[in-house]
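First comes the structure, then the notes that go with it.
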Amino acid sequence: MTDAALPTPATNLRQTVEARLKKRHAQEMRFRLYGRMAIIVALAFLAVLLGRIVTQGYSTFIDYQIAVPVHLDASKIDKADPTGANYDLMVANSVLAKLGETDDEFGNKSGKVMEIMSNDLGFQLLKMVREDPSLIGKTITVSGPVKSDAALYFKGQIQRATPEDERKLDNQQLDWMDKLKASGAVTSGFNTGFLTRSDSTEPEQAGVLGAIVGSMMMLLVTATLAIPIGVLAATYLEEFAPKNRWTDLIEVNINNLAAVPSIVYGLLGLAVFINWMAVPRSSPLVGGLVLALMSLPTVIIATRSALKAVPPSIREAALGVGASRTQTVFHHVLPLAMPGVMTGAILSLAHALGETAPLLMIGMVSFVPGVPEGFTGAATVLPVQVFIWENASERGFHERTAAAIIVLLVFMIIMNLAAILVRRRFERRW
Amino acid sequence: MLTWIALTALLLFSLATFMAGRRRAVATTAGKPALLHSLPGYYGSYAALWVGVPAALFILLFAMFGGRLEAGLLRVDPPAAVQQLTAPQQDVFFDDARAIARGGMPSETVYDGALKTALDEKAAQSNQISNLIQYGSIGLGAILALAGAFIAYPRISPQFRARNKVEGWIAGLFIVCSVTAILTTAGIIASLVWESWRFFQAVPIHEFLLGTEWNPQIAMRADQFAGAGAFGAVPLFVGTFLIMLIAMLVAAPIGLFSAIYLSEYASSWTRSVVKPLLEILAGVPTVVYGFFAALTVGPLFRSFFNWIGAQLAGGSFDGLAQYLMQVQNQMALVAGAVMGIMLIPFVSSLSDDIINAVPQSLRDGSLAMGATRSETVKKVVLPAALPGIMAALLLAVSRAVGETMIVTMAAGLQARMTLNPLDTVTTVTVQIVTLLTGDQEFDSPKTLSAFGLGLTLFAVTLMLNIIALRIVQKYREQYD
C-alpha cells in the first residue's frame, strides 16, 4: 500500500526540492550581488569624491599673467615719499593705452580696468620705486596675475552667455580681455604663485606656501613629542610593566583615548595649553602639542603590535648571553621592531596632518598672510586653510580650496607611500 | 633665547662630564678595565645624567612658568592708585605694564596722573623681575649641574654598579612616558569638568540637559531675565542623533555588505585591490569630506528636491511641493549622507576583521551540511560575529557623534527639534566650533557652554567606546 503510493510523493518531493533549490540559488545570487553592489557603491563614492576635487581644483594651476609697460610719471610720484602715489591707476591707464582707449573724466574706464587687473601689479611698482627711486620718470614693464574674476572668464567659468547683470564682469570688460589675450599681453602658464605665496585676501594672490610651512612645523613638534614618548610608553607596557591594576588602568586608558573625538583634544588644548600654561594661540607649538596628545595612543598601539611581532627567542638569546633587560630591549628588540614602529608613526602623522577640528579650538582660523615666523608665531596649516577658503565668499577661492585639497592629498599620499615602502623594504617575517 | 643658550651650554657640560666620567672609570682600574662592574660608557652616562637632567628640568620649568610667576610677583603690593581700580581694570593695568616692559602693544586705555607714574614704575619693575627670574633660574640651574657633578663624579669606582643606576634612570623615563596617557585623560576630564562647573553655576544643569531652546547668541546679562531656556541642549542632541542616524543608515549596510563580500566571496586579487582603495577613502581628511558635502552634494540634493517640488507643484501634494521647493543646501540629509560615506571604510574594516576571526571550521561544517554560502553567512557566520559587529557599529556611532568638520561645513546653525532629514539641524560639535571661534571673552556662559557640550560629548563617546570594547573582549574569549 505504501509501495504503490510512493512514486507520486517522490516526484513531488523532487519538484519541491528543485524549486526550493532554485529559490535558494537565486537567493545566493542576490546576496552576492548585494555585496558586489556595496563595494561598487563605496568605490564609486571614492571616484566621485576625488574626481570632483580634481575637476574643481586643477584650473588653479593654470594662471593668466599680464605684462604691461607702465610709465612712472615723475609728476605723479613724490620722490621723498613714493608710497602716496596711485600705482593701480597708472597700471590701469597703461592697460587702457594698450587697448587704444582713453579714460573718461570720471575715471569709469580705469575703474573698470582695475576690476580685472590684480593690485599685485601696483604693489610691484611701489616696491621697485622704493628700492630704486631713479626709476621714476622711466617706463618699466611689470607682469603679474589678472584678477581672479578675469581668470575665471579665461577659464570659461564666467561665460558671455550669462546675462550681463548676473555676472561680475560687463561686456566691455570681456571685450577688453579678449583683445588683451589676442594681442599677447595676457599669457597663460603654470601657476607657480599658488605654491610660492601665502594667504591673501585677493584670490589671485593667495597661495599655500604659508600653510605648507605651518603644517611642516606643526608636524615636527608632533613627531618630536609623540614618537619618543609613544615608543617608550609602549616599550614599557609591552616589555617591562608588571601585570597589575595600574598597568591595566593605563591600557584601558590608551584604548579609550584612541577613540576620543578629536575636538575634545582641542578643548583640552584651549583650557590647558592656552589658558593655563599661556602658550601663544594659533602657534605651531600649541597645534603640535595638541596633535601630539591626539596621536600618542595610535603610536603606542602600533608600537605594541610591532613589539609583539618580535619572537621571544630573540629576547631569550640576549638574556642568555648576559644582557640586562634594558640592554635586550634597546639593543635587540626595538631595532627589530623599528620598521613596524616607523610605519605606525608615519601613518599617525599623516592622520595628524589632515586633522582640522582641534586646531579650530586653539585659534588657528585667523588670517595669516605670511610664512609663520617661528614656533610661537601665528600660523595656519593646510587643512585649516581649506576650511578658511571654503568659507570665503569670492568665487575665485572655490577653485583654490579644491587646489589646496589636492596639495594636502598629495602630501598624505607621499606619507602613506613612505609608510608602505618602509614596510615593504624592512619588514621581516619570522 | 637666553634659555636656549643655557640649555646648549648645559648639554656641552654634560657631554664633557660623560667623557670625564668614562675616563675616570677606566683610570681607577689601573690598566685592567675588566675589573669594572659596568662598561665604561655607563659610568660616563651616570655622571652626565646627574649633571644634565635636574638642571635642564629646572630651567625648562622656569621658562614655561616664569611668565606666570612674574605676573604674580608684579601684583604684590600694588600702588594706592591701582588699588582703587576694579578687578578687571587692574588686570588690564598689569597686562599693559608687562606689554610696555616687553616693547609690545599695550591696550588703548589712557592712564594719567598717579596711574601713569604707577604704570611706568610697574613696567620697570616687570623688567627687573623678569631678568631676575631668567638669570636666577639659569644661575640656580648651573649650581644644580655642578652639584650633580660633585655627587656623581666621586662615586665612580670599579665596584660601583653604574649600569643598574643608569637603568634606574631609564625606568623612571619609561614610567613618565606611560603616565602621559593617564595625564592626558586626567587633563581632558579636569579641564572639561572645571569649565563646565563654572558654566553650570550660571545655567543649572537640568536646564542645560533638558531645556528645549538653544540660543547662545544672546549672552546673558544681569538686566536680562535669566536668559531662560537659551541654553537648553536638547535640540542639539536631537540634531546630532538625526545626522548620526542618517550616516549609519548609509554606512552600516554598505560597510557590512562589502565586508561580507570581501571576506567570504572575493578572490584574493579583488581583496588586494579593493582593501587599499577603501583605506584611501578612510585616509581622506574630514575637511575634504566637508568641502565635498558643502559644494557638491548640498547643491545637488537641493536642486533634486527643488525639481521634485516643481514637478509636484499644483497637484494634490501642493503643500509638500511648496516645502520641497524651499529646502536648503544645509539639510541634515547632506551632512548625514557624506558622513555615512566617511564611515563606510571604518565599518567595513572593523567588520572584516571580526568576520575573519570566526573559525573556518564553523563555515566548513555548515557548507558540508549542504547550506549555500549565503546561508552559511546568514545562519552561521553572522550570528557568531554579531557581538563584534555590534561593537563595530557602536564605534562607528561614536565616530559619527564626535565628527566635526563635515557637520561644521555642511550642516546648519539653527537649533531645531525635528527628525525631518530635509530640515537644517545643528549638532553638538558644530555648536562647540561656533562658540569657540571668533572673538571671545572667556568668562561668559556663551563660551563656557562649549565646555558643557564638550563634557556631554566626551561622556557619551566614552560610554559607547567602553561598551564596544567590553563586547569585543567578551566575544574574543569564545574562540581563543
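Lettering and numbering for the C-alpha cells are positional, with chains as A, B, ... in the shown order, residues counted from 1 in each chain, and ligands counted from 1 in the shown order.
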Could the residues of chain B within 7 Å of chain A, counting only C-alpha atoms, be given as number ranges by chain, please?
-> B: 167, 174, 177-178, 181-182, 187-188, 191, 254, 257-258, 260-261, 281, 285, 287-288, 291-292, 372, 374, 399, 402-405, 433, 436-437, 454, 458, 461-462, 465
Range 110-272 of chain A: which residues are strand (DSSP E or B) by DSSP, as an MDAnalysis selection string?
-> chainID A and resid 117 139:146 186:190
Work out how far CA of Thr434 in chain B is from CA of Val327 in chain B, in Å to one decimal.
->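 CA of Thr434 in chain B lies 22.8 Å from CA of Val327 in chain B.
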Would you mind listing what lies within 7 Å of Leu324 in chain B as a PyMOL selection string, with only C-alpha atoms counted and same-chain residues fewer than 2 positions away left out?
-> chain B and resi 305-306+309+320-322+326-327
Write a file of the selected residues as a compact mmCIF listing (two decimals), in the first residue's frame, keeping N, CA and C atoms.
# COMPACT_ATOMS: atom_id res chain seq x y z
N PHE B 305 15.66 68.05 -4.93
CA PHE B 305 14.38 68.17 -4.21
C PHE B 305 13.56 69.33 -4.75
N ASN B 306 14.27 70.41 -5.15
CA ASN B 306 13.53 71.52 -5.74
C ASN B 306 12.86 71.09 -7.02
N GLY B 309 9.87 69.10 -6.20
CA GLY B 309 8.85 70.04 -5.75
C GLY B 309 8.17 70.71 -6.93
N LEU B 320 3.41 69.79 0.17
CA LEU B 320 4.71 69.13 0.15
C LEU B 320 5.60 69.77 -0.91
N ALA B 321 5.01 70.05 -2.06
CA ALA B 321 5.78 70.63 -3.16
C ALA B 321 6.36 71.98 -2.75
N GLN B 322 5.50 72.80 -2.11
CA GLN B 322 5.99 74.10 -1.67
C GLN B 322 7.17 73.94 -0.71
N GLN B 326 11.60 74.73 -1.13
CA GLN B 326 12.33 75.66 -0.26
C GLN B 326 13.46 75.02 0.52
N VAL B 327 13.74 73.72 0.28
CA VAL B 327 14.78 73.10 1.09
C VAL B 327 16.12 73.77 0.79
Skip Ala337 in chain A itself and residues of its chain fewer than 3 positions away, then list as a list in words all residues within 10 Å of it, counting only C-alpha atoms.
-> Thr303, Arg304, Ser305, Ala306, Leu307, Lys308, Ala309, Val310, His332, Val333, Leu334, Gly340, Val341, Met342, Phe426, Glu427 and Arg428 of chain A
DSSP alpha helix (DSSP H) residues within range 198-421 of chain B, listed as an MDAnalysis selection string | chainID B and resid 198:202 205:210 234:260 268:283 286:292 298:312 318:324 332:356 360:368 373:376 382:402 405:410
Among listed residues B:Pro54, B:Arg470, B:Val76, B:Gly298, nearest Ser14 in chain B (using only C-alpha atoms) =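 With only C-alpha atoms as the atom set, the closest residue is B:Pro54.
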Determine, counting only C-alpha atoms, which protein, DNA and RNA residues have an atom within 7 Å of an atom of range 336-347 of chain B; residues of the same chain fewer than 2 positions away are not included. Present the result as number ranges by chain.
-> B: 243-244, 246-248, 250-252, 254-256, 278-279, 281-282, 289, 293, 332-334, 349-351, 392-393, 396, 406
Could you write out that same residue set with C-alpha atoms as an mmCIF file, in the first residue's frame?
data_model
loop_
_atom_site.group_PDB
_atom_site.id
_atom_site.type_symbol
_atom_site.label_atom_id
_atom_site.label_comp_id
_atom_site.auth_asym_id
_atom_site.auth_seq_id
_atom_site.Cartn_x
_atom_site.Cartn_y
_atom_site.Cartn_z
ATOM 1 C CA ILE B 243 22.616 63.116 11.422
ATOM 2 C CA MET B 244 24.182 60.092 13.125
ATOM 3 C CA ILE B 246 21.320 59.020 8.520
ATOM 4 C CA ALA B 247 25.055 58.345 8.491
ATOM 5 C CA MET B 248 24.563 54.879 9.986
ATOM 6 C CA VAL B 250 24.298 54.745 4.739
ATOM 7 C CA ALA B 251 27.393 53.267 6.337
ATOM 8 C CA ALA B 252 26.047 50.160 8.097
ATOM 9 C CA ILE B 254 27.260 49.289 2.614
ATOM 10 C CA GLY B 255 30.112 48.718 5.050
ATOM 11 C CA LEU B 256 28.730 45.432 6.299
ATOM 12 C CA LEU B 278 38.894 51.569 0.889
ATOM 13 C CA GLU B 279 41.888 52.574 3.003
ATOM 14 C CA LEU B 281 38.664 56.503 1.488
ATOM 15 C CA ALA B 282 39.444 56.120 5.190
ATOM 16 C CA TYR B 289 34.521 65.437 3.019
ATOM 17 C CA ALA B 293 29.371 67.968 1.129
ATOM 18 C CA ALA B 332 20.559 67.127 7.635
ATOM 19 C CA LEU B 333 20.468 64.590 4.822
ATOM 20 C CA VAL B 334 23.562 66.065 3.131
ATOM 21 C CA SER B 349 37.441 47.126 8.000
ATOM 22 C CA LEU B 350 36.291 46.516 11.586
ATOM 23 C CA SER B 351 33.623 44.024 10.492
ATOM 24 C CA ALA B 392 31.964 47.914 15.389
ATOM 25 C CA LEU B 393 28.693 49.720 14.742
ATOM 26 C CA ALA B 396 31.042 53.974 14.206
ATOM 27 C CA ILE B 406 31.638 67.596 7.900
#
12 Å contact set for Ala418 in chain A, only C-alpha atoms, chain neighbours under 3 positions out, as a PyMOL selection string | chain A and resi 339+342-347+349-350+411-415+421-426
Find the residues around Val472 in chain B up to 12 Å (only C-alpha atoms counted), leave out those fewer than 4 positions away in its own chain, and share them as a PDB file with N, CA and C atoms, in the first residue's frame.
ATOM      1  N   LEU B 350      36.516  47.132  10.267  1.00  0.00           N
ATOM      2  CA  LEU B 350      36.291  46.516  11.586  1.00  0.00           C
ATOM      3  C   LEU B 350      35.514  45.212  11.441  1.00  0.00           C
ATOM      4  N   SER B 351      34.430  45.243  10.624  1.00  0.00           N
ATOM      5  CA  SER B 351      33.623  44.024  10.492  1.00  0.00           C
ATOM      6  C   SER B 351      34.407  42.941   9.772  1.00  0.00           C
ATOM      7  N   ASP B 353      37.611  42.321   9.990  1.00  0.00           N
ATOM      8  CA  ASP B 353      38.451  41.644  10.984  1.00  0.00           C
ATOM      9  C   ASP B 353      37.628  40.666  11.798  1.00  0.00           C
ATOM     10  N   ILE B 354      36.421  41.118  12.180  1.00  0.00           N
ATOM     11  CA  ILE B 354      35.607  40.279  13.065  1.00  0.00           C
ATOM     12  C   ILE B 354      35.107  39.041  12.336  1.00  0.00           C
ATOM     13  N   ALA B 357      37.678  36.515  12.014  1.00  0.00           N
ATOM     14  CA  ALA B 357      38.029  35.836  13.260  1.00  0.00           C
ATOM     15  C   ALA B 357      37.111  34.658  13.553  1.00  0.00           C
ATOM     16  N   ALA B 385      29.461  36.291  14.610  1.00  0.00           N
ATOM     17  CA  ALA B 385      30.201  37.552  14.623  1.00  0.00           C
ATOM     18  C   ALA B 385      29.358  38.698  15.165  1.00  0.00           C
ATOM     19  N   LEU B 386      28.092  38.417  15.489  1.00  0.00           N
ATOM     20  CA  LEU B 386      27.166  39.507  15.820  1.00  0.00           C
ATOM     21  C   LEU B 386      27.652  40.447  16.924  1.00  0.00           C
ATOM     22  N   PRO B 387      28.138  39.906  18.059  1.00  0.00           N
ATOM     23  CA  PRO B 387      28.578  40.856  19.095  1.00  0.00           C
ATOM     24  C   PRO B 387      29.678  41.780  18.596  1.00  0.00           C
ATOM     25  N   GLY B 388      30.607  41.205  17.843  1.00  0.00           N
ATOM     26  CA  GLY B 388      31.695  42.019  17.314  1.00  0.00           C
ATOM     27  C   GLY B 388      31.192  43.077  16.360  1.00  0.00           C
ATOM     28  N   ILE B 389      30.222  42.690  15.526  1.00  0.00           N
ATOM     29  CA  ILE B 389      29.687  43.657  14.572  1.00  0.00           C
ATOM     30  C   ILE B 389      28.932  44.753  15.306  1.00  0.00           C
ATOM     31  N   MET B 390      28.200  44.369  16.348  1.00  0.00           N
ATOM     32  CA  MET B 390      27.526  45.390  17.152  1.00  0.00           C
ATOM     33  C   MET B 390      28.538  46.381  17.714  1.00  0.00           C
ATOM     34  N   ALA B 391      29.659  45.837  18.205  1.00  0.00           N
ATOM     35  CA  ALA B 391      30.694  46.712  18.761  1.00  0.00           C
ATOM     36  C   ALA B 391      31.235  47.639  17.692  1.00  0.00           C
ATOM     37  N   ALA B 392      31.448  47.084  16.478  1.00  0.00           N
ATOM     38  CA  ALA B 392      31.964  47.914  15.389  1.00  0.00           C
ATOM     39  C   ALA B 392      30.985  49.035  15.070  1.00  0.00           C
ATOM     40  N   LEU B 393      29.690  48.688  15.042  1.00  0.00           N
ATOM     41  CA  LEU B 393      28.693  49.720  14.742  1.00  0.00           C
ATOM     42  C   LEU B 393      28.644  50.772  15.846  1.00  0.00           C
ATOM     43  N   LEU B 394      28.794  50.315  17.097  1.00  0.00           N
ATOM     44  CA  LEU B 394      28.810  51.290  18.196  1.00  0.00           C
ATOM     45  C   LEU B 394      29.995  52.243  18.066  1.00  0.00           C
ATOM     46  N   LEU B 395      31.167  51.695  17.681  1.00  0.00           N
ATOM     47  CA  LEU B 395      32.329  52.563  17.496  1.00  0.00           C
ATOM     48  C   LEU B 395      32.068  53.553  16.360  1.00  0.00           C
ATOM     49  N   ASN B 465      32.366  53.785  23.655  1.00  0.00           N
ATOM     50  CA  ASN B 465      33.624  53.063  23.461  1.00  0.00           C
ATOM     51  C   ASN B 465      33.784  51.963  24.483  1.00  0.00           C
ATOM     52  N   ILE B 466      33.460  52.289  25.736  1.00  0.00           N
ATOM     53  CA  ILE B 466      33.646  51.279  26.785  1.00  0.00           C
ATOM     54  C   ILE B 466      32.742  50.084  26.518  1.00  0.00           C
ATOM     55  N   ILE B 467      31.468  50.357  26.157  1.00  0.00           N
ATOM     56  CA  ILE B 467      30.557  49.245  25.863  1.00  0.00           C
ATOM     57  C   ILE B 467      31.107  48.423  24.700  1.00  0.00           C
ATOM     58  N   ALA B 468      31.553  49.127  23.646  1.00  0.00           N
ATOM     59  CA  ALA B 468      32.054  48.417  22.474  1.00  0.00           C
ATOM     60  C   ALA B 468      33.268  47.568  22.822  1.00  0.00           C
ATOM     61  N   ARG B 476      35.859  37.845  22.053  1.00  0.00           N
ATOM     62  CA  ARG B 476      37.118  37.223  21.643  1.00  0.00           C
ATOM     63  C   ARG B 476      37.416  35.981  22.442  1.00  0.00           C
ATOM     64  N   GLU B 477      37.009  35.996  23.713  1.00  0.00           N
ATOM     65  CA  GLU B 477      37.348  34.861  24.575  1.00  0.00           C
ATOM     66  C   GLU B 477      36.718  33.565  24.092  1.00  0.00           C
ATOM     67  N   GLN B 478      35.617  33.694  23.327  1.00  0.00           N
ATOM     68  CA  GLN B 478      34.923  32.478  22.922  1.00  0.00           C
ATOM     69  C   GLN B 478      35.771  31.583  22.037  1.00  0.00           C
ATOM     70  N   TYR B 479      36.620  32.133  21.197  1.00  0.00           N
ATOM     71  CA  TYR B 479      37.330  31.297  20.236  1.00  0.00           C
ATOM     72  C   TYR B 479      38.796  31.121  20.566  1.00  0.00           C
TER      73      TYR B 479
END
